[in-house]
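Participant: Got a structure for you, coords-v8.csv, holding CSV, C-alpha atoms.
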```csv
chain,number,residue,atom,x,y,z
E,1131,MET,CA,-26.9,8.2,-9.2
E,1132,TYR,CA,-23.3,8.2,-8.0
E,1133,ASP,CA,-21.0,11.0,-9.0
E,1134,PRO,CA,-17.5,9.6,-10.1
E,1135,ALA,CA,-15.8,12.6,-8.4
E,1136,GLN,CA,-17.5,11.7,-5.2
E,1137,LEU,CA,-16.5,8.0,-5.6
E,1138,ARG,CA,-12.9,8.9,-6.2
E,1139,THR,CA,-12.9,11.0,-3.1
E,1140,PHE,CA,-14.5,8.2,-1.1
E,1141,LEU,CA,-11.8,5.7,-2.3
E,1142,ALA,CA,-9.1,8.1,-1.3
E,1143,VAL,CA,-10.5,8.5,2.2
E,1144,ALA,CA,-11.0,4.8,2.5
E,1145,GLN,CA,-7.5,4.0,1.5
E,1146,THR,CA,-5.7,6.6,3.6
E,1147,LEU,CA,-8.2,6.7,6.5
E,1148,SER,CA,-7.6,10.5,6.5
E,1149,PHE,CA,-9.6,13.4,5.1
E,1150,THR,CA,-6.4,15.5,5.1
E,1151,GLN,CA,-4.4,12.9,3.2
E,1152,ALA,CA,-7.2,12.3,0.7
E,1153,ALA,CA,-7.4,16.1,0.1
E,1154,HIS,CA,-3.6,16.2,-0.5
E,1155,ARG,CA,-3.8,13.2,-2.9
E,1156,LEU,CA,-6.7,14.6,-4.9
E,1157,GLY,CA,-5.5,18.3,-4.9
E,1158,LEU,CA,-8.8,19.3,-3.2
E,1159,ARG,CA,-9.6,21.3,-0.1
E,1160,GLN,CA,-10.4,19.3,3.0
E,1161,SER,CA,-13.9,20.9,3.1
E,1162,THR,CA,-14.5,19.7,-0.5
E,1163,VAL,CA,-13.5,16.1,0.5
E,1164,SER,CA,-16.0,16.3,3.5
E,1165,GLN,CA,-18.7,17.6,1.1
E,1166,HIS,CA,-18.1,14.8,-1.4
E,1167,VAL,CA,-18.4,12.2,1.3
E,1168,ARG,CA,-21.5,13.8,2.8
E,1169,ARG,CA,-23.2,13.9,-0.6
E,1170,LEU,CA,-22.3,10.3,-1.3
E,1171,GLU,CA,-23.7,9.3,2.1
E,1172,ASP,CA,-26.9,11.3,1.3
E,1173,ALA,CA,-27.1,9.5,-2.1
E,1174,THR,CA,-26.8,6.0,-0.5
E,1175,GLY,CA,-28.8,6.8,2.6
E,1176,ARG,CA,-26.0,5.1,4.6
E,1177,GLN,CA,-23.2,6.2,6.8
E,1178,LEU,CA,-19.9,5.2,5.1
E,1179,PHE,CA,-17.4,6.3,7.7
E,1180,THR,CA,-17.3,6.7,11.5
E,1181,ARG,CA,-15.0,9.6,12.4
E,1182,ASP,CA,-13.9,11.7,15.3
E,1183,THR,CA,-11.0,14.1,15.9
E,1184,HIS,CA,-8.5,11.2,16.1
E,1185,SER,CA,-9.5,8.5,13.6
E,1186,VAL,CA,-11.5,7.6,10.5
E,1187,GLU,CA,-12.9,4.1,10.0
E,1188,LEU,CA,-15.1,2.5,7.3
E,1189,THR,CA,-18.5,1.3,8.4
E,1190,GLU,CA,-19.9,-2.0,7.2
E,1191,ASP,CA,-21.8,-0.1,4.5
E,1192,GLY,CA,-18.5,1.7,3.6
E,1193,GLU,CA,-16.8,-1.7,3.2
E,1194,ALA,CA,-19.6,-2.7,0.8
E,1195,MET,CA,-19.3,0.6,-1.1
E,1196,LEU,CA,-15.6,-0.1,-1.9
E,1197,GLY,CA,-16.4,-2.8,-4.4
E,1198,PHE,CA,-19.2,-0.8,-6.0
E,1199,ALA,CA,-17.1,2.3,-6.3
E,1200,ARG,CA,-14.2,0.5,-8.0
E,1201,THR,CA,-16.6,-1.2,-10.5
E,1202,ILE,CA,-18.3,2.1,-11.3
E,1203,LEU,CA,-15.1,4.0,-11.8
E,1204,GLN,CA,-13.5,1.3,-13.9
E,1205,ALA,CA,-16.6,1.2,-16.2
E,1206,HIS,CA,-16.5,5.0,-16.4
E,1207,GLU,CA,-12.8,5.1,-17.4
E,1208,ARG,CA,-13.2,2.3,-20.0
E,1209,ALA,CA,-16.1,4.1,-21.6
E,1210,SER,CA,-14.1,7.3,-21.7
E,1211,ALA,CA,-11.1,5.6,-23.2
E,1212,PHE,CA,-13.3,3.9,-25.8
E,1213,PHE,CA,-15.1,7.0,-27.0
E,1214,THR,CA,-12.1,9.3,-27.0
E,1215,GLY,CA,-10.2,6.6,-29.0
E,1216,THR,CA,-7.0,7.0,-26.9
E,1217,ARG,CA,-4.6,4.0,-26.8
E,1218,LEU,CA,-1.6,4.1,-24.6
E,1219,ARG,CA,1.7,2.9,-26.1
E,1220,GLY,CA,5.3,2.7,-25.1
E,1221,ARG,CA,7.5,1.0,-22.5
E,1222,LEU,CA,6.7,1.2,-18.8
E,1223,ARG,CA,9.3,0.3,-16.2
E,1224,PHE,CA,7.3,-0.4,-13.0
E,1225,GLY,CA,8.9,-1.3,-9.7
E,1226,ALA,CA,6.9,-2.8,-6.8
E,1227,SER,CA,8.3,-3.7,-3.4
E,1228,GLU,CA,8.5,-7.3,-2.0
E,1229,ASP,CA,5.6,-6.5,0.3
E,1230,PHE,CA,3.1,-7.0,-2.6
E,1231,VAL,CA,4.2,-10.4,-3.7
E,1232,LEU,CA,1.3,-12.1,-1.8
E,1233,THR,CA,-1.3,-9.4,-2.5
E,1234,ARG,CA,-3.7,-8.8,-5.4
E,1235,LEU,CA,-1.3,-6.5,-7.2
E,1236,PRO,CA,-1.0,-9.1,-10.0
E,1237,GLU,CA,-4.7,-8.8,-10.6
E,1238,ILE,CA,-4.5,-5.0,-10.9
E,1239,LEU,CA,-1.6,-5.4,-13.3
E,1240,GLU,CA,-3.5,-8.0,-15.4
E,1241,SER,CA,-6.5,-5.6,-15.6
E,1242,PHE,CA,-4.2,-2.8,-16.7
E,1243,ARG,CA,-2.5,-4.9,-19.4
E,1244,ARG,CA,-6.0,-6.0,-20.7
E,1245,ASP,CA,-7.1,-2.3,-20.9
E,1246,HIS,CA,-3.7,-1.2,-22.5
E,1247,PRO,CA,-2.4,-4.0,-24.6
E,1248,ASP,CA,0.0,-1.7,-26.5
E,1249,VAL,CA,2.0,-0.9,-23.4
E,1250,ASP,CA,5.1,-3.0,-22.9
E,1251,MET,CA,5.5,-3.3,-19.1
E,1252,GLU,CA,8.7,-4.3,-17.4
E,1253,LEU,CA,8.2,-5.3,-13.8
E,1254,THR,CA,10.9,-5.1,-11.1
E,1255,VAL,CA,10.2,-6.6,-7.7
E,1256,GLU,CA,12.8,-5.4,-5.1
E,1257,LEU,CA,13.3,-3.9,-1.7
E,1258,SER,CA,11.7,-0.5,-1.2
E,1259,GLY,CA,15.1,1.1,-0.6
E,1260,THR,CA,16.5,-0.4,-3.8
E,1261,LEU,CA,13.5,0.8,-5.8
E,1262,HIS,CA,14.0,4.4,-4.5
E,1263,GLU,CA,17.6,4.2,-5.7
E,1264,ARG,CA,16.7,2.9,-9.2
E,1265,LEU,CA,14.0,5.5,-9.6
E,1266,ALA,CA,16.4,8.3,-8.7
E,1267,ALA,CA,18.9,6.9,-11.2
E,1268,GLY,CA,16.3,7.1,-14.0
E,1269,ARG,CA,16.0,3.3,-14.3
E,1270,LEU,CA,12.3,3.1,-13.4
E,1271,ASP,CA,9.2,5.2,-14.4
E,1272,LEU,CA,6.9,4.4,-11.5
E,1273,VAL,CA,7.4,2.8,-8.1
E,1274,LEU,CA,5.0,1.4,-5.5
E,1275,ALA,CA,6.9,1.1,-2.3
E,1276,LYS,CA,7.3,2.1,1.4
E,1277,ARG,CA,8.9,5.4,2.2
E,1278,GLN,CA,11.3,6.2,5.0
E,1279,ALA,CA,9.9,7.8,8.2
E,1280,GLY,CA,9.8,11.5,7.8
E,1281,ASP,CA,9.9,11.4,4.0
E,1282,THR,CA,7.1,13.4,2.3
E,1283,HIS,CA,7.7,12.4,-1.3
E,1284,GLY,CA,5.2,10.4,-3.3
E,1285,GLU,CA,1.4,9.9,-3.5
E,1286,LEU,CA,0.1,8.2,-0.4
E,1287,VAL,CA,-1.7,4.9,-1.3
E,1288,TRP,CA,-2.3,4.0,2.3
E,1289,ARG,CA,-0.8,4.2,5.8
E,1290,ASP,CA,-0.6,1.2,8.1
E,1291,ARG,CA,0.8,0.2,11.4
E,1292,MET,CA,3.9,-2.0,11.6
E,1293,ILE,CA,3.9,-4.9,14.1
E,1294,TRP,CA,6.0,-7.8,15.1
E,1295,ILE,CA,4.9,-11.2,13.6
E,1296,ALA,CA,6.0,-14.8,14.1
E,1297,ALA,CA,4.8,-18.3,13.9
E,1298,LYS,CA,2.2,-19.5,16.4
E,1299,GLY,CA,3.9,-20.7,19.6
E,1300,VAL,CA,7.1,-18.6,19.2
E,1301,ARG,CA,8.1,-17.2,22.6
E,1302,ILE,CA,10.4,-14.2,23.1
E,1303,ASP,CA,12.7,-14.5,26.1
E,1304,PRO,CA,13.0,-11.0,27.7
E,1305,ASP,CA,16.4,-12.0,29.0
E,1306,ARG,CA,17.9,-12.9,25.7
E,1307,PRO,CA,18.5,-11.0,22.4
E,1308,VAL,CA,15.5,-10.7,20.1
E,1309,PRO,CA,16.0,-13.1,17.2
E,1310,LEU,CA,15.3,-11.1,14.0
E,1311,ILE,CA,14.3,-12.2,10.5
E,1312,LEU,CA,15.2,-9.3,8.2
E,1313,PHE,CA,15.5,-8.1,4.7
E,1314,PRO,CA,19.1,-6.9,3.9
E,1315,PRO,CA,19.9,-3.2,3.6
E,1316,PRO,CA,18.5,-0.8,2.5
E,1317,ALA,CA,15.2,-2.3,3.5
E,1318,VAL,CA,12.8,0.2,5.3
E,1319,THR,CA,11.5,-2.5,7.7
E,1320,ARG,CA,15.0,-3.5,8.6
E,1321,ALA,CA,16.1,0.0,9.4
E,1322,ARG,CA,12.9,0.6,11.5
E,1323,ALA,CA,13.2,-2.6,13.5
E,1324,LEU,CA,16.9,-2.0,14.4
E,1325,ASP,CA,16.4,1.6,15.2
E,1326,VAL,CA,13.4,0.9,17.5
E,1327,LEU,CA,15.2,-1.9,19.4
E,1328,GLU,CA,18.4,0.3,19.7
E,1329,ARG,CA,16.4,3.2,21.1
E,1330,HIS,CA,14.7,1.0,23.6
E,1331,GLY,CA,17.9,-0.6,24.7
E,1332,ARG,CA,16.7,-4.0,23.7
E,1333,PRO,CA,19.5,-6.5,22.6
E,1334,TRP,CA,19.0,-8.3,19.3
E,1335,ARG,CA,20.6,-10.8,17.0
E,1336,ILE,CA,20.0,-11.6,13.3
E,1337,ALA,CA,18.5,-15.1,12.9
E,1338,CYS,CA,17.9,-14.9,9.2
E,1339,THR,CA,18.6,-12.4,6.3
E,1340,SER,CA,17.0,-12.8,2.9
E,1341,GLY,CA,16.2,-10.6,0.0
E,1342,SER,CA,13.1,-12.6,-0.7
E,1343,LEU,CA,9.8,-12.3,1.2
E,1344,SER,CA,9.3,-16.0,0.6
E,1345,GLY,CA,12.6,-16.7,2.3
E,1346,LEU,CA,11.7,-14.6,5.3
E,1347,VAL,CA,8.3,-16.1,5.6
E,1348,ALA,CA,9.8,-19.6,5.5
E,1349,ALA,CA,12.2,-18.7,8.3
E,1350,ALA,CA,9.4,-17.2,10.4
E,1351,ARG,CA,7.2,-20.2,9.9
E,1352,ALA,CA,10.0,-22.4,11.0
E,1353,GLY,CA,10.1,-20.5,14.3
E,1354,LEU,CA,13.5,-18.9,13.8
E,1355,GLY,CA,12.5,-15.5,15.1
E,1356,VAL,CA,10.3,-12.5,14.6
E,1357,MET,CA,9.7,-10.1,11.7
E,1358,ALA,CA,8.8,-6.4,11.6
E,1359,HIS,CA,5.9,-6.3,9.1
E,1360,THR,CA,2.9,-4.3,8.0
E,1361,ARG,CA,-0.3,-5.2,9.9
E,1362,GLY,CA,-2.4,-5.3,6.7
E,1363,LEU,CA,-0.1,-7.6,4.8
E,1364,ILE,CA,0.6,-10.5,7.3
E,1365,PRO,CA,1.5,-13.6,5.3
E,1366,PRO,CA,-0.5,-16.8,5.8
E,1367,GLY,CA,0.8,-18.9,8.6
E,1368,LEU,CA,2.1,-16.0,10.7
E,1369,ILE,CA,0.4,-14.1,13.5
E,1370,PRO,CA,1.1,-10.9,15.5
E,1371,VAL,CA,3.4,-11.3,18.5
E,1372,SER,CA,1.6,-10.9,21.8
E,1373,ASP,CA,2.1,-7.6,23.7
E,1374,ARG,CA,3.3,-9.8,26.6
E,1375,ALA,CA,6.6,-10.3,24.7
E,1376,GLY,CA,7.4,-6.7,25.6
E,1377,LEU,CA,8.7,-5.7,22.1
E,1378,PRO,CA,8.6,-2.0,21.4
E,1379,GLU,CA,6.1,-0.3,19.1
E,1380,LEU,CA,7.2,0.0,15.5
E,1381,GLY,CA,5.0,3.0,14.5
E,1382,THR,CA,3.4,3.4,11.1
E,1383,VAL,CA,4.6,3.1,7.5
E,1384,ASP,CA,3.4,4.8,4.3
E,1385,PHE,CA,3.0,3.0,1.0
E,1386,VAL,CA,3.4,5.5,-1.8
E,1387,LEU,CA,3.6,5.9,-5.6
E,1388,LEU,CA,6.6,7.8,-6.9
E,1389,HIS,CA,7.1,8.9,-10.5
E,1390,GLY,CA,10.4,9.0,-12.4
E,1391,PRO,CA,11.8,12.1,-14.1
E,1392,ARG,CA,11.0,11.1,-17.7
E,1393,ARG,CA,8.3,13.1,-19.5
E,1394,ASP,CA,7.7,11.1,-22.6
E,1395,ALA,CA,5.2,8.5,-23.8
E,1396,SER,CA,6.1,6.2,-20.9
E,1397,GLN,CA,4.9,8.8,-18.5
E,1398,GLU,CA,1.4,8.7,-19.8
E,1399,ALA,CA,1.4,4.9,-19.2
E,1400,ALA,CA,2.9,5.5,-15.7
E,1401,ASP,CA,0.1,8.0,-14.9
E,1402,ALA,CA,-2.6,5.5,-16.1
E,1403,LEU,CA,-1.1,2.7,-14.0
E,1404,ALA,CA,-0.8,5.0,-11.0
E,1405,SER,CA,-4.5,5.9,-11.3
E,1406,ALA,CA,-5.4,2.2,-11.6
E,1407,ILE,CA,-3.4,1.4,-8.4
E,1408,LEU,CA,-4.9,4.3,-6.5
E,1409,ALA,CA,-8.4,3.3,-7.5
E,1410,ALA,CA,-7.9,-0.2,-6.4
E,1411,GLY,CA,-5.5,0.5,-3.5
E,1412,ASP,CA,-7.7,-1.1,-0.9
E,1413,ARG,CA,-7.4,-4.4,-2.7
E,1414,LEU,CA,-3.7,-4.4,-1.7
E,1415,HIS,CA,-4.6,-4.7,2.0
E,1416,GLY,CA,-4.2,-8.2,3.2
E,1417,PRO,CA,-2.5,-11.2,1.4
E,1418,VAL,CA,-4.3,-13.4,-1.0
E,1419,SER,CA,-5.6,-16.5,0.9
E,1420,ARG,CA,-4.2,-19.9,-0.1
```
In structure tokens, what does this structure look like?
Facilitator:
Amino acid sequence: MYDPAQLRTFLAVAQTLSFTQAAHRLGLRQSTVSQHVRRLEDATGRQLFTRDTHSVELTEDGEAMLGFARTILQAHERASAFFTGTRLRGRLRFGASEDFVLTRLPEILESFRRDHPDVDMELTVELSGTLHERLAAGRLDLVLAKRQAGDTHGELVWRDRMIWIAAKGVRIDPDRPVPLILFPPPAVTRARALDVLERHGRPWRIACTSGSLSGLVAAARAGLGVMAHTRGLIPPGLIPVSDRAGLPELGTVDFVLLHGPRRDASQEAADALASAILAAGDRLHGPVSR
């Protein structure tokens, strides 16, 4: 009843909230993406997206279709692998940014390991900037990380807005420097926060620096200051800072998959993991509740 090609297109649009970005990811024309979505909506008899010239949003039925689409595509891929008799092998060096520590990425990796037991995976969790450097140096095969503003490299997994977050009750005094809780260089969020504050002429001071997301979250929960963070990945115990604080807008951030230069057996495993992450990318939105 549901065409796998249409389901893949639906997931790409749902994760990027853009028909243009979905077309770029899938290597399709935008008209083909629109056609796939329309045919899937015809098959379900439901509207899956609300869209106008400025935005694309999932409807309630679209949210429900996310889970069904993932399940159908996973079953399709497992059946294909079983009957073709292909088994991936080799060593896969995968890097993921600190942002995904509290998400469902471990569940995606667990499923991949179960489907491909002969792949030896080496996981590196680091700052996005550091992962970009290691990938360029040939020390990683696949990276899931944020990309710098203006950069066009990588497969877009999703785009989200960056916001200021803090513990409930934290107040920002407009007459005093903004207390910042930051990753060290070359973190993308650090660079964005400092650049935005500088451009708006807003004084700031560093209240905490840590290379660990857990360390930053602990400092924020203690009320030491504010963090620049992705809206869809707000850690438990922290909330968006009120607009009344007068902090400048941080803009959007792209989460992308980037492949290393190696073209050997590890690249087949990297391609398979990239496909699994893209198929389940919406599960990375929002932290795992505790």
Participant: Between range 1326-1381 of chain E and range 1297-1311 of chain E, at 9 Å or less, what are the per-residue closest atom pairs and their distances in Å? Count all atoms listed in the file, order by chain and rising residue number, and return it as a Markdown table.
Facilitator:
```
| residue | atom | partner | partner_atom | distance |
| --- | --- | --- | --- | --- |
| E:Leu1327 | CA | E:Val1308 | CA | 8.8 |
| E:Arg1332 | CA | E:Pro1307 | CA | 7.3 |
| E:Pro1333 | CA | E:Pro1307 | CA | 4.6 |
| E:Trp1334 | CA | E:Pro1307 | CA | 4.1 |
| E:Arg1335 | CA | E:Pro1309 | CA | 5.1 |
| E:Ile1336 | CA | E:Leu1310 | CA | 4.8 |
| E:Ala1337 | CA | E:Leu1310 | CA | 5.2 |
| E:Cys1338 | CA | E:Ile1311 | CA | 4.7 |
| E:Thr1339 | CA | E:Ile1311 | CA | 6.0 |
| E:Ser1340 | CA | E:Ile1311 | CA | 8.1 |
| E:Leu1346 | CA | E:Ile1311 | CA | 6.3 |
| E:Val1347 | CA | E:Ile1311 | CA | 8.7 |
| E:Ala1349 | CA | E:Ile1311 | CA | 7.2 |
| E:Ala1350 | CA | E:Ala1297 | CA | 5.9 |
| E:Arg1351 | CA | E:Ala1297 | CA | 5.0 |
| E:Ala1352 | CA | E:Ala1297 | CA | 7.2 |
| E:Gly1353 | CA | E:Ala1297 | CA | 5.8 |
| E:Leu1354 | CA | E:Pro1309 | CA | 7.2 |
| E:Gly1355 | CA | E:Pro1309 | CA | 4.7 |
| E:Val1356 | CA | E:Leu1310 | CA | 5.2 |
| E:Met1357 | CA | E:Ile1311 | CA | 5.2 |
| E:Ala1358 | CA | E:Ile1311 | CA | 8.1 |
| E:Gly1367 | CA | E:Ala1297 | CA | 6.7 |
| E:Leu1368 | CA | E:Ala1297 | CA | 4.8 |
| E:Ile1369 | CA | E:Ala1297 | CA | 6.1 |
| E:Pro1370 | CA | E:Ala1297 | CA | 8.4 |
| E:Val1371 | CA | E:Val1300 | CA | 8.2 |
| E:Ala1375 | CA | E:Ile1302 | CA | 5.7 |
| E:Gly1376 | CA | E:Pro1304 | CA | 7.4 |
| E:Leu1377 | CA | E:Val1308 | CA | 8.7 |
```
Participant: I'd like the neighbourhood of range 1394-1405 of chain E as a list in words, where a residue qualifies if any of its atoms comes within 6 Å (using all atoms listed in the file), though same-chain residues fewer than 4 positions away should be ignored.
Facilitator: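 Residues near the query, excluding close chain neighbours: Gly1220, Arg1221, Leu1222 and Leu1272 of chain E.
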Participant: Tell me, as JSON, numbers by chain, which residues lie within 8 Å of Leu1141 in chain E, counting all atoms listed in the file; anything in the same chain fewer than 3 positions away does not count.
Facilitator: {"E": [1137, 1138, 1144, 1145, 1196, 1199, 1409]}
Participant: Go ahead and save the picked residues with C-alpha atoms, as a PDB file, keeping the file's coordinate frame.
Facilitator:
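out24.pdb was written with the following content:
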```pdb
ATOM      1  CA  LEU E1137     -16.500   8.000  -5.600  1.00  0.00           C
ATOM      2  CA  ARG E1138     -12.900   8.900  -6.200  1.00  0.00           C
ATOM      3  CA  ALA E1144     -11.000   4.800   2.500  1.00  0.00           C
ATOM      4  CA  GLN E1145      -7.500   4.000   1.500  1.00  0.00           C
ATOM      5  CA  LEU E1196     -15.600  -0.100  -1.900  1.00  0.00           C
ATOM      6  CA  ALA E1199     -17.100   2.300  -6.300  1.00  0.00           C
ATOM      7  CA  ALA E1409      -8.400   3.300  -7.500  1.00  0.00           C
TER       8      ALA E1409
END
```
Participant: With only C-alpha atoms as the basis for distance, which of E:Pro1316, E:Ala1410, E:Met1292, E:Ala1275 is at the shortest distance from Phe1140 in chain E?
Facilitator: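 For Phe1140 in chain E, the nearest of the candidates is E:Ala1410.
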Participant: In Å, with one decimal, what is the gap from CA of Asp1182 in chain E to CA of Leu1380 in chain E?
Facilitator: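 Separation of CA of Asp1182 in chain E and CA of Leu1380 in chain E: 24.1 Å.
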Participant: Ranking E:Leu1261, E:Glu1256, E:Glu1328, E:Leu1218 by minimum distance to Arg1244 in chain E and counting all atoms listed in the file, which one comes first?
Facilitator: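 Ranked by minimum distance to Arg1244 in chain E, first place goes to E:Leu1218.
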Participant: Calculated over all atoms listed in the file, which of the candidates E:Val1186, E:Met1195, E:Met1131, E:Ile1238 has the smallest distance to Ala1173 in chain E?
Facilitator: E:Met1131
Participant: What gap, in Å, lies between CA of Asp1373 in chain E and CA of His1184 in chain E?
Facilitator: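 Spanning CA of Asp1373 in chain E to CA of His1184 in chain E is a straight-line distance of 22.9 Å.
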Participant: For CA of Gly1268 in chain E and CA of Val1386 in chain E, quote the distance in Å rounded to one decimal.
Facilitator: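 Taking CA of Gly1268 in chain E as the start and CA of Val1386 in chain E as the end point, the length is 17.8 Å.
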Participant: Pick the closest to Ser1241 in chain E from E:Arg1208, E:Glu1228, E:Lys1276, E:Leu1270: which is it, counting all atoms listed in the file?
Facilitator: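 Of E:Arg1208, E:Glu1228, E:Lys1276, E:Leu1270, the one nearest Ser1241 in chain E, counting all atoms listed in the file, is E:Arg1208.
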Participant: Contacts of Pro1315 in chain E at 12 Å or less, counting all atoms listed in the file, minus same-chain residues fewer than 3 places along, as a ChimeraX atom specification?
Facilitator: /E:1256-1260,1312,1318-1324,1339-1341
Participant: Would you list the contacts of range 1285-1288 of chain E as number ranges by chain, taking every protein, DNA or RNA residue within 12 Å and counting all atoms listed in the file, but skipping same-chain residues closer than 2 positions in sequence?
Facilitator: E: 1141-1148, 1150-1157, 1272-1277, 1281-1283, 1290-1291, 1360, 1362, 1382-1389, 1401, 1404-1415
Participant: Do a neighbour search on Arg1176 in chain E at 10 Å with only C-alpha atoms, toss out local chain neighbours closer than 6 positions, and write the hits as a ChimeraX atom specification.
Facilitator: /E:1168,1170,1189-1192,1195
Participant: Could you tell me which of E:His1262, E:Gln1204, E:Ala1209, E:Pro1378 comes closest to Gly1331 in chain E if we count all atoms listed in the file?
Facilitator: E:Pro1378
Participant: When distances are computed from only C-alpha atoms, which of E:Arg1289, E:Phe1213, E:Tyr1132, E:His1246 shows the smallest separation from Thr1201 in chain E?
Facilitator: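 Once distances to Thr1201 in chain E are computed over only C-alpha atoms, the minimum belongs to E:Tyr1132.
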